[in-house]
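Asker: Provided below: final_8.tsv, containing TSV, C-alpha atoms.
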```tsv
chain	number	residue	atom	x	y	z
A	22	MET	CA	-13.56	-91.52	5.66
A	23	LEU	CA	-15.71	-92.56	2.70
A	24	PHE	CA	-18.96	-91.07	3.99
A	25	GLN	CA	-19.10	-87.41	4.95
A	26	LEU	CA	-22.11	-85.15	5.25
A	27	ASN	CA	-22.05	-81.44	4.53
A	28	VAL	CA	-23.16	-79.64	7.69
A	29	ALA	CA	-23.65	-76.40	5.71
A	30	ASP	CA	-26.13	-78.12	3.36
A	31	ARG	CA	-29.79	-77.41	4.09
A	32	ALA	CA	-30.77	-80.91	3.01
A	33	PRO	CA	-31.51	-83.26	5.91
A	34	ALA	CA	-28.77	-85.70	6.85
A	35	TYR	CA	-30.81	-88.72	5.72
A	36	GLU	CA	-31.23	-87.22	2.23
A	37	GLN	CA	-27.52	-86.40	2.02
A	38	LEU	CA	-26.63	-89.96	3.01
A	39	GLU	CA	-29.13	-91.41	0.54
A	40	GLN	CA	-27.71	-89.33	-2.31
A	41	LEU	CA	-24.13	-90.07	-1.29
A	42	VAL	CA	-24.67	-93.84	-1.38
A	43	ALA	CA	-26.46	-93.58	-4.75
A	44	LYS	CA	-23.65	-91.41	-6.13
A	45	TYR	CA	-20.94	-93.81	-4.95
A	46	VAL	CA	-22.76	-96.73	-6.52
A	47	CYS	CA	-23.18	-94.81	-9.76
A	48	LEU	CA	-19.48	-93.92	-9.82
A	49	GLY	CA	-18.42	-97.48	-9.03
A	50	VAL	CA	-16.97	-96.62	-5.62
A	51	LEU	CA	-19.47	-99.03	-4.08
A	52	GLU	CA	-20.06	-102.22	-6.04
A	53	ALA	CA	-22.98	-104.60	-6.22
A	54	HIS	CA	-23.29	-106.87	-3.16
A	55	GLU	CA	-20.71	-104.84	-1.21
A	56	ARG	CA	-21.60	-104.56	2.47
A	57	LEU	CA	-22.41	-101.17	3.94
A	58	PRO	CA	-21.67	-100.28	7.56
A	59	SER	CA	-24.42	-101.21	10.01
A	60	VAL	CA	-26.86	-98.49	11.04
A	61	ARG	CA	-25.03	-98.01	14.34
A	62	ALA	CA	-21.58	-98.02	12.74
A	63	MET	CA	-22.63	-95.52	10.07
A	64	ALA	CA	-24.27	-93.29	12.68
A	65	GLY	CA	-21.07	-93.37	14.73
A	66	GLU	CA	-18.93	-92.61	11.69
A	67	LEU	CA	-21.10	-89.63	10.73
A	68	GLY	CA	-21.88	-88.44	14.24
A	69	ILE	CA	-25.64	-88.59	13.68
A	70	ASN	CA	-28.60	-90.39	15.22
A	71	PRO	CA	-29.01	-94.05	14.23
A	72	ASN	CA	-32.66	-93.32	13.34
A	73	THR	CA	-31.41	-90.90	10.68
A	74	VAL	CA	-29.25	-93.62	9.11
A	75	ALA	CA	-32.12	-96.10	9.35
A	76	LYS	CA	-34.36	-93.65	7.48
A	77	ALA	CA	-31.77	-93.22	4.71
A	78	TYR	CA	-31.27	-96.98	4.43
A	79	LYS	CA	-35.04	-97.51	4.27
A	80	LEU	CA	-35.33	-95.02	1.40
A	81	LEU	CA	-32.40	-96.65	-0.40
A	82	GLU	CA	-33.98	-100.07	0.03
A	83	THR	CA	-37.34	-98.80	-1.24
A	84	LYS	CA	-35.58	-97.52	-4.37
A	85	GLY	CA	-33.82	-100.85	-4.88
A	86	ILE	CA	-30.35	-99.44	-4.31
A	87	ILE	CA	-29.60	-101.58	-1.26
A	88	TYR	CA	-30.98	-104.77	0.25
A	89	THR	CA	-30.91	-106.23	3.73
A	90	ILE	CA	-30.21	-109.79	4.76
A	91	ALA	CA	-31.40	-110.40	8.31
A	92	GLY	CA	-28.48	-111.11	10.61
A	93	LYS	CA	-25.91	-110.41	7.87
A	94	GLY	CA	-26.25	-106.70	7.10
A	95	VAL	CA	-27.01	-104.18	4.42
A	96	PHE	CA	-25.64	-104.62	0.90
A	97	ILE	CA	-25.53	-102.73	-2.39
A	98	ALA	CA	-28.04	-104.03	-4.94
A	99	ASP	CA	-27.23	-104.22	-8.65
A	100	ASN	CA	-25.81	-100.94	-9.94
A	101	GLU	CA	-28.53	-100.28	-12.52
A	102	ASN	CA	-31.11	-99.42	-9.85
A	103	ALA	CA	-28.78	-96.92	-8.20
A	104	LYS	CA	-27.67	-95.42	-11.49
A	105	THR	CA	-31.25	-94.92	-12.57
A	106	ALA	CA	-32.27	-93.36	-9.25
A	107	PHE	CA	-29.23	-91.08	-9.16
A	108	ALA	CA	-29.67	-90.06	-12.82
A	109	GLN	CA	-33.34	-89.23	-12.22
A	110	LYS	CA	-32.39	-87.07	-9.24
A	111	CYS	CA	-29.72	-85.27	-11.29
A	112	LEU	CA	-32.16	-84.60	-14.12
A	113	ALA	CA	-34.78	-83.32	-11.69
A	114	ASP	CA	-32.21	-81.00	-10.10
A	115	PHE	CA	-31.14	-79.80	-13.56
A	116	GLY	CA	-34.77	-79.16	-14.50
A	117	THR	CA	-35.23	-77.07	-11.37
A	118	ALA	CA	-32.05	-75.10	-12.10
A	119	ALA	CA	-33.09	-74.55	-15.73
A	120	ALA	CA	-36.52	-73.28	-14.63
A	121	LYS	CA	-34.83	-70.85	-12.23
A	122	ALA	CA	-32.49	-69.68	-14.99
A	123	LYS	CA	-35.44	-69.11	-17.31
A	124	ALA	CA	-37.30	-67.17	-14.61
A	125	ALA	CA	-34.18	-65.06	-14.08
A	126	GLY	CA	-34.17	-64.18	-17.78
A	127	ILE	CA	-30.98	-66.08	-18.65
A	128	PRO	CA	-31.01	-66.79	-22.40
A	129	ILE	CA	-30.93	-70.46	-23.39
A	130	ASP	CA	-27.63	-70.03	-25.24
A	131	GLU	CA	-25.97	-68.86	-22.00
A	132	LEU	CA	-27.51	-71.77	-20.12
A	133	LEU	CA	-26.27	-74.22	-22.76
A	134	GLN	CA	-22.79	-72.64	-22.62
A	135	ALA	CA	-22.74	-73.04	-18.84
A	136	LEU	CA	-23.77	-76.69	-19.23
A	137	HIS	CA	-21.09	-77.25	-21.87
A	138	ASN	CA	-18.44	-75.58	-19.68
A	139	THR	CA	-19.39	-77.79	-16.75
A	140	TYR	CA	-19.16	-80.95	-18.85
A	141	GLU	CA	-15.79	-79.86	-20.22
A	142	GLY	CA	-14.46	-79.23	-16.70
A	143	GLY	CA	-14.41	-75.45	-16.97
A	144	GLN	CA	-16.24	-72.81	-15.02
A	145	ASN	CA	-19.90	-71.95	-15.36
A	146	ALA	CA	-20.72	-68.89	-17.44
```
Can you present the structure in this file as structure tokens?
Answerer:
Amino acid sequence: MLFQLNVADRAPAYEQLEQLVAKYVCLGVLEAHERLPSVRAMAGELGINPNTVAKAYKLLETKGIIYTIAGKGVFIADNENAKTAFAQKCLADFGTAAAKAKAAGIPIDELLQALHNTYEGGQNA
């Protein structure tokens, strides 16, 4: 199954789905103009309410990550929109984590080492 939500995550299902689609586009798993499952099919696959999927799709469409063709379905837009949206979300999340680290008194050199370790595939400091 390509799409799976994390039930332990506090983020709402529609946000998880939105981020998952953006991530898959960014990684090249989903390519431009590839068709996504219909709202009902995706809801059935994930075991969630179709309105939740519709909300995620609406957000993705607003961000330019997907587009809808009436009577044909939902498709992935060009990858640059998704990459930009996903990168912005990642940077915002990193900024939040860095602010928390600063508030916790973690020195910047330790934070940079943790970042380096993550990028190199190792463990965080």
Asker: Distance atom CA of A:Thr139-atom CA of A:Leu112, one decimal place?
Answerer: 14.7 Å
Asker: If you count all atoms listed in the file, which residues fall within 10 Å of stretch 50-63 of chain A, apart from same-chain ones fewer than 6 positions away, as a VMD selection string?
Answerer: chain A and resid 23 to 24 38 42 to 44 69 to 78 86 to 89 93 to 101 103
Asker: Let me make sure I understand: among A:Gly85, A:Gly65, A:Gly142, A:Pro128, which one has the smallest atom-to-atom distance to A:Gln25 if we use all atoms listed in the file?
Answerer: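 Result for the nearest residue to A:Gln25: A:Gly65.
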Asker: Pick from A:Ala106, A:Ala29, A:Leu132, A:Ala64: nearest to A:Ala120, with only C-alpha atoms counted?
Answerer: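 The shortest atom-to-atom distance to A:Ala120 comes from A:Leu132.
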